[in-house]
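These notes concern the structure reproduced below.
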Amino acid sequence: QVRVLYKPVNMKLCRHDPQQRSDILRSLGLDEAAIVLGYAGRLHERKGIFPLFDAATAAMAVEPRLHCVWVGDGPDARTLRERVAAHPTAARHHFPGWTHDVHPYYSAFSMLAFPSIAAETFGRVSIEAQAAGVPVLASDIGGIPETLDPGVTGLLLPPGDVAAWREAILKLCD
(Lines give C-alpha, C1' and ligand atoms only; values in the text may rest on other atoms or scores of the structure.)
Protein backbone atom coordinates (compact mmCIF):
# COMPACT_ATOMS: atom_id res chain seq x y z
CA GLN A 1 0.00 0.00 0.00
CA VAL A 2 2.56 2.49 -1.20
CA ARG A 3 1.47 5.72 -2.81
CA VAL A 4 3.84 8.13 -4.52
CA LEU A 5 2.99 11.71 -3.68
CA TYR A 6 4.58 14.10 -6.14
CA LYS A 7 5.45 17.61 -5.08
CA PRO A 8 2.73 20.00 -6.20
CA VAL A 9 3.41 22.71 -8.76
CA ASN A 10 1.36 25.88 -8.90
CA MET A 11 0.54 26.01 -12.61
CA LYS A 12 -0.60 29.65 -12.39
CA LEU A 13 2.90 30.70 -11.36
CA CYS A 14 4.44 28.77 -14.26
CA ARG A 15 2.49 30.37 -17.10
CA HIS A 16 4.62 31.87 -19.86
CA ASP A 17 4.40 35.65 -19.75
CA PRO A 18 5.82 37.57 -22.75
CA GLN A 19 5.97 40.80 -20.73
CA GLN A 20 8.03 39.12 -18.00
CA ARG A 21 10.35 37.77 -20.71
CA SER A 22 10.84 41.26 -22.14
CA ASP A 23 11.37 42.80 -18.69
CA ILE A 24 13.94 40.19 -17.64
CA LEU A 25 15.80 40.30 -20.96
CA ARG A 26 15.94 44.10 -20.75
CA SER A 27 17.18 43.97 -17.13
CA LEU A 28 20.01 41.68 -18.30
CA GLY A 29 20.85 43.88 -21.29
CA LEU A 30 19.62 41.30 -23.82
CA ASP A 31 17.45 41.80 -26.87
CA GLU A 32 14.39 39.76 -27.80
CA ALA A 33 16.38 37.62 -30.27
CA ALA A 34 18.58 36.20 -27.48
CA ILE A 35 18.54 32.46 -26.90
CA VAL A 36 18.67 31.98 -23.15
CA LEU A 37 20.06 28.86 -21.52
CA GLY A 38 18.79 29.08 -17.97
CA TYR A 39 20.09 27.47 -14.82
CA ALA A 40 18.13 27.84 -11.58
CA GLY A 41 19.44 26.37 -8.38
CA ARG A 42 22.30 26.03 -5.99
CA LEU A 43 25.66 26.97 -7.48
CA HIS A 44 27.51 23.89 -6.29
CA GLU A 45 29.90 21.67 -8.24
CA ARG A 46 27.72 18.59 -7.58
CA LYS A 47 24.95 20.33 -9.49
CA GLY A 48 27.11 20.09 -12.64
CA ILE A 49 27.66 23.82 -13.08
CA PHE A 50 31.25 23.50 -14.30
CA PRO A 51 30.59 20.97 -17.09
CA LEU A 52 27.54 23.08 -18.01
CA PHE A 53 29.74 26.18 -18.23
CA ASP A 54 32.18 24.32 -20.50
CA ALA A 55 29.37 23.02 -22.72
CA ALA A 56 27.64 26.40 -22.89
CA THR A 57 30.80 28.29 -23.80
CA ALA A 58 31.57 25.70 -26.50
CA ALA A 59 28.03 26.16 -27.87
CA MET A 60 28.46 29.95 -27.76
CA ALA A 61 31.35 29.59 -30.22
CA VAL A 62 28.79 28.29 -32.74
CA GLU A 63 25.64 30.24 -31.75
CA PRO A 64 26.23 33.99 -31.30
CA ARG A 65 22.73 34.63 -29.86
CA LEU A 66 23.23 32.16 -26.96
CA HIS A 67 23.44 33.57 -23.43
CA CYS A 68 23.49 31.83 -20.03
CA VAL A 69 21.48 33.09 -17.10
CA TRP A 70 22.62 31.60 -13.78
CA VAL A 71 19.85 32.13 -11.20
CA GLY A 72 20.95 31.15 -7.71
CA ASP A 73 23.84 31.22 -5.30
CA GLY A 74 25.93 28.73 -3.40
CA PRO A 75 29.36 27.67 -2.24
CA ASP A 76 30.84 27.53 -5.76
CA ALA A 77 29.31 30.76 -7.08
CA ARG A 78 32.56 32.67 -6.67
CA THR A 79 34.59 30.04 -8.51
CA LEU A 80 32.07 29.94 -11.35
CA ARG A 81 32.07 33.74 -11.63
CA GLU A 82 35.88 33.73 -11.72
CA ARG A 83 35.89 31.15 -14.54
CA VAL A 84 33.32 33.18 -16.43
CA ALA A 85 35.28 36.42 -15.96
CA ALA A 86 38.43 34.77 -17.38
CA HIS A 87 36.62 33.47 -20.48
CA PRO A 88 36.11 35.37 -23.77
CA THR A 89 32.33 34.77 -23.52
CA ALA A 90 32.09 36.48 -20.12
CA ALA A 91 29.64 39.13 -21.39
CA ARG A 92 27.21 36.38 -22.38
CA HIS A 93 26.90 34.93 -18.86
CA HIS A 94 24.53 36.70 -16.49
CA PHE A 95 24.21 36.27 -12.73
CA PRO A 96 21.04 37.79 -11.31
CA GLY A 97 21.83 36.02 -8.02
CA TRP A 98 19.54 34.28 -5.57
CA THR A 99 15.82 34.95 -5.78
CA HIS A 100 12.99 33.65 -3.64
CA ASP A 101 10.81 33.36 -6.77
CA VAL A 102 12.36 31.84 -9.89
CA HIS A 103 9.02 31.60 -11.74
CA PRO A 104 9.39 34.85 -13.74
CA TYR A 105 12.69 33.59 -15.16
CA TYR A 106 11.01 30.61 -16.81
CA SER A 107 9.39 33.07 -19.21
CA ALA A 108 12.85 34.38 -20.17
CA PHE A 109 14.46 30.96 -20.65
CA SER A 110 14.60 29.37 -24.09
CA MET A 111 15.69 26.16 -22.36
CA LEU A 112 16.54 25.06 -18.82
CA ALA A 113 19.64 23.10 -17.87
CA PHE A 114 19.46 20.63 -14.98
CA PRO A 115 23.03 19.26 -15.21
CA SER A 116 23.52 17.47 -11.88
CA ILE A 117 26.43 15.07 -11.70
CA ALA A 118 25.28 13.64 -8.37
CA ALA A 119 22.02 11.76 -7.93
CA GLU A 120 19.01 13.96 -7.27
CA THR A 121 15.76 12.63 -5.86
CA PHE A 122 13.50 15.13 -7.61
CA GLY A 123 13.78 18.05 -9.99
CA ARG A 124 11.31 20.75 -9.09
CA VAL A 125 12.82 23.29 -11.49
CA SER A 126 12.50 20.73 -14.27
CA ILE A 127 8.79 20.29 -13.61
CA GLU A 128 8.14 24.02 -13.27
CA ALA A 129 10.07 24.89 -16.44
CA GLN A 130 8.10 22.32 -18.43
CA ALA A 131 4.87 23.72 -17.00
CA ALA A 132 5.98 27.08 -18.41
CA GLY A 133 6.59 25.46 -21.82
CA VAL A 134 10.38 25.49 -21.50
CA PRO A 135 12.27 22.43 -22.77
CA VAL A 136 14.65 20.89 -20.25
CA LEU A 137 18.13 19.45 -20.71
CA ALA A 138 18.60 17.11 -17.77
CA SER A 139 21.16 14.63 -16.48
CA ASP A 140 20.13 11.01 -16.74
CA ILE A 141 20.81 10.27 -13.08
CA GLY A 142 18.85 9.51 -9.92
CA GLY A 143 15.21 10.60 -9.97
CA ILE A 144 15.72 13.26 -12.65
CA PRO A 145 14.55 11.05 -15.55
CA GLU A 146 11.13 10.82 -13.89
CA THR A 147 10.69 14.57 -14.27
CA LEU A 148 10.47 14.72 -18.05
CA ASP A 149 9.38 12.88 -21.17
CA PRO A 150 12.59 12.45 -23.23
CA GLY A 151 12.28 13.76 -26.76
CA VAL A 152 8.98 15.47 -25.93
CA THR A 153 9.52 17.88 -23.03
CA GLY A 154 13.30 17.74 -22.99
CA LEU A 155 16.39 15.63 -23.38
CA LEU A 156 18.20 13.30 -20.98
CA LEU A 157 21.96 13.55 -21.18
CA PRO A 158 24.95 11.78 -19.65
CA PRO A 159 25.98 13.64 -16.47
CA GLY A 160 29.14 15.68 -16.96
CA ASP A 161 29.54 14.82 -20.68
CA VAL A 162 30.50 18.24 -22.03
CA ALA A 163 30.34 17.22 -25.71
CA ALA A 164 26.85 15.71 -25.35
CA TRP A 165 25.59 18.78 -23.47
CA ARG A 166 27.11 21.11 -26.09
CA GLU A 167 25.33 19.24 -28.88
CA ALA A 168 22.03 19.24 -26.98
CA ILE A 169 22.26 22.97 -26.31
CA LEU A 170 22.89 23.62 -30.00
CA LYS A 171 20.02 21.32 -30.96
CA LEU A 172 17.64 23.37 -28.82
CA CYS A 173 19.08 26.62 -30.18
CA ASP A 174 17.82 25.57 -33.61
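Just remember, in the C-alpha coordinates the first chain shown is A, the second B, etc., residues are 1-based per chain, and ligands are 1-based in the order shown.
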Inset, instruction - Give the strand (DSSP E or B) residues of stretch 22-135 of chain A, as assigned by DSSP on the backbone, as a ChimeraX atom specification. - result: /A:35-40,66-71,93-97,111-114
Report the closest atom pair, with its distance in Å rounded to one decimal, for each residue of stretch 74-162 of chain A that has an atom no farther than 6 Å from stretch 6-16 of chain A; count only C-alpha atoms, sort by chain and then rising residue number, and write it as JSON lines.
{"residue": "A:His103", "atom": "CA", "partner": "A:Cys14", "partner_atom": "CA", "distance": 5.9}
{"residue": "A:Ser107", "atom": "CA", "partner": "A:His16", "partner_atom": "CA", "distance": 5.0}
{"residue": "A:Ala131", "atom": "CA", "partner": "A:Cys14", "partner_atom": "CA", "distance": 5.8}
{"residue": "A:Ala132", "atom": "CA", "partner": "A:Cys14", "partner_atom": "CA", "distance": 4.7}
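Put simply, atom CA of A:Ala118 is 26.3 Å away from atom CA of A:Val2.
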Inset, instruction - Write out as an MDAnalysis selection string which residues come within 8 Å of stretch 84-95 of chain A when counting only C-alpha atoms, dropping same-chain ones fewer than 6 positions away. - result: chainID A and resid 28 57 60 66:72
Quick one: write out the picked residues with N, CA, C and O atoms as a PDB file, in the first residue's frame?
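Once written, result.pdb looks like this:
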ATOM      1  N   LEU A  28      18.716  42.337 -18.104  1.00  0.00           N
ATOM      2  CA  LEU A  28      20.014  41.682 -18.299  1.00  0.00           C
ATOM      3  C   LEU A  28      20.793  42.282 -19.465  1.00  0.00           C
ATOM      4  O   LEU A  28      21.904  41.835 -19.769  1.00  0.00           O
ATOM      5  N   THR A  57      29.822  27.436 -23.115  1.00  0.00           N
ATOM      6  CA  THR A  57      30.796  28.291 -23.801  1.00  0.00           C
ATOM      7  C   THR A  57      31.204  27.680 -25.146  1.00  0.00           C
ATOM      8  O   THR A  57      31.407  28.411 -26.112  1.00  0.00           O
ATOM      9  N   MET A  60      28.429  28.524 -27.425  1.00  0.00           N
ATOM     10  CA  MET A  60      28.461  29.947 -27.760  1.00  0.00           C
ATOM     11  C   MET A  60      29.405  30.232 -28.924  1.00  0.00           C
ATOM     12  O   MET A  60      29.196  31.196 -29.666  1.00  0.00           O
ATOM     13  N   LEU A  66      23.370  32.927 -28.212  1.00  0.00           N
ATOM     14  CA  LEU A  66      23.231  32.164 -26.963  1.00  0.00           C
ATOM     15  C   LEU A  66      23.818  32.920 -25.771  1.00  0.00           C
ATOM     16  O   LEU A  66      24.952  33.410 -25.826  1.00  0.00           O
ATOM     17  N   HIS A  67      23.028  32.985 -24.708  1.00  0.00           N
ATOM     18  CA  HIS A  67      23.445  33.569 -23.430  1.00  0.00           C
ATOM     19  C   HIS A  67      23.070  32.591 -22.322  1.00  0.00           C
ATOM     20  O   HIS A  67      22.117  31.832 -22.456  1.00  0.00           O
ATOM     21  N   CYS A  68      23.804  32.633 -21.223  1.00  0.00           N
ATOM     22  CA  CYS A  68      23.486  31.827 -20.033  1.00  0.00           C
ATOM     23  C   CYS A  68      23.034  32.760 -18.921  1.00  0.00           C
ATOM     24  O   CYS A  68      23.672  33.787 -18.670  1.00  0.00           O
ATOM     25  N   VAL A  69      21.956  32.364 -18.271  1.00  0.00           N
ATOM     26  CA  VAL A  69      21.479  33.087 -17.095  1.00  0.00           C
ATOM     27  C   VAL A  69      21.539  32.116 -15.930  1.00  0.00           C
ATOM     28  O   VAL A  69      20.870  31.082 -15.935  1.00  0.00           O
ATOM     29  N   TRP A  70      22.372  32.451 -14.951  1.00  0.00           N
ATOM     30  CA  TRP A  70      22.618  31.604 -13.778  1.00  0.00           C
ATOM     31  C   TRP A  70      21.848  32.190 -12.599  1.00  0.00           C
ATOM     32  O   TRP A  70      22.299  33.146 -11.972  1.00  0.00           O
ATOM     33  N   VAL A  71      20.682  31.638 -12.302  1.00  0.00           N
ATOM     34  CA  VAL A  71      19.849  32.129 -11.201  1.00  0.00           C
ATOM     35  C   VAL A  71      20.139  31.269  -9.974  1.00  0.00           C
ATOM     36  O   VAL A  71      19.908  30.064  -9.990  1.00  0.00           O
ATOM     37  N   GLY A  72      20.655  31.886  -8.938  1.00  0.00           N
ATOM     38  CA  GLY A  72      20.949  31.152  -7.711  1.00  0.00           C
ATOM     39  C   GLY A  72      22.236  31.621  -7.079  1.00  0.00           C
ATOM     40  O   GLY A  72      22.874  32.573  -7.531  1.00  0.00           O
TER      41      GLY A  72
END
Inset, instruction - Rank A:Cys173, A:Ile141, A:Leu112, A:Leu52 by their smallest atom-to-atom distance to A:Gly160, using only C-alpha atoms, and report the top residue only. - result: A:Leu52
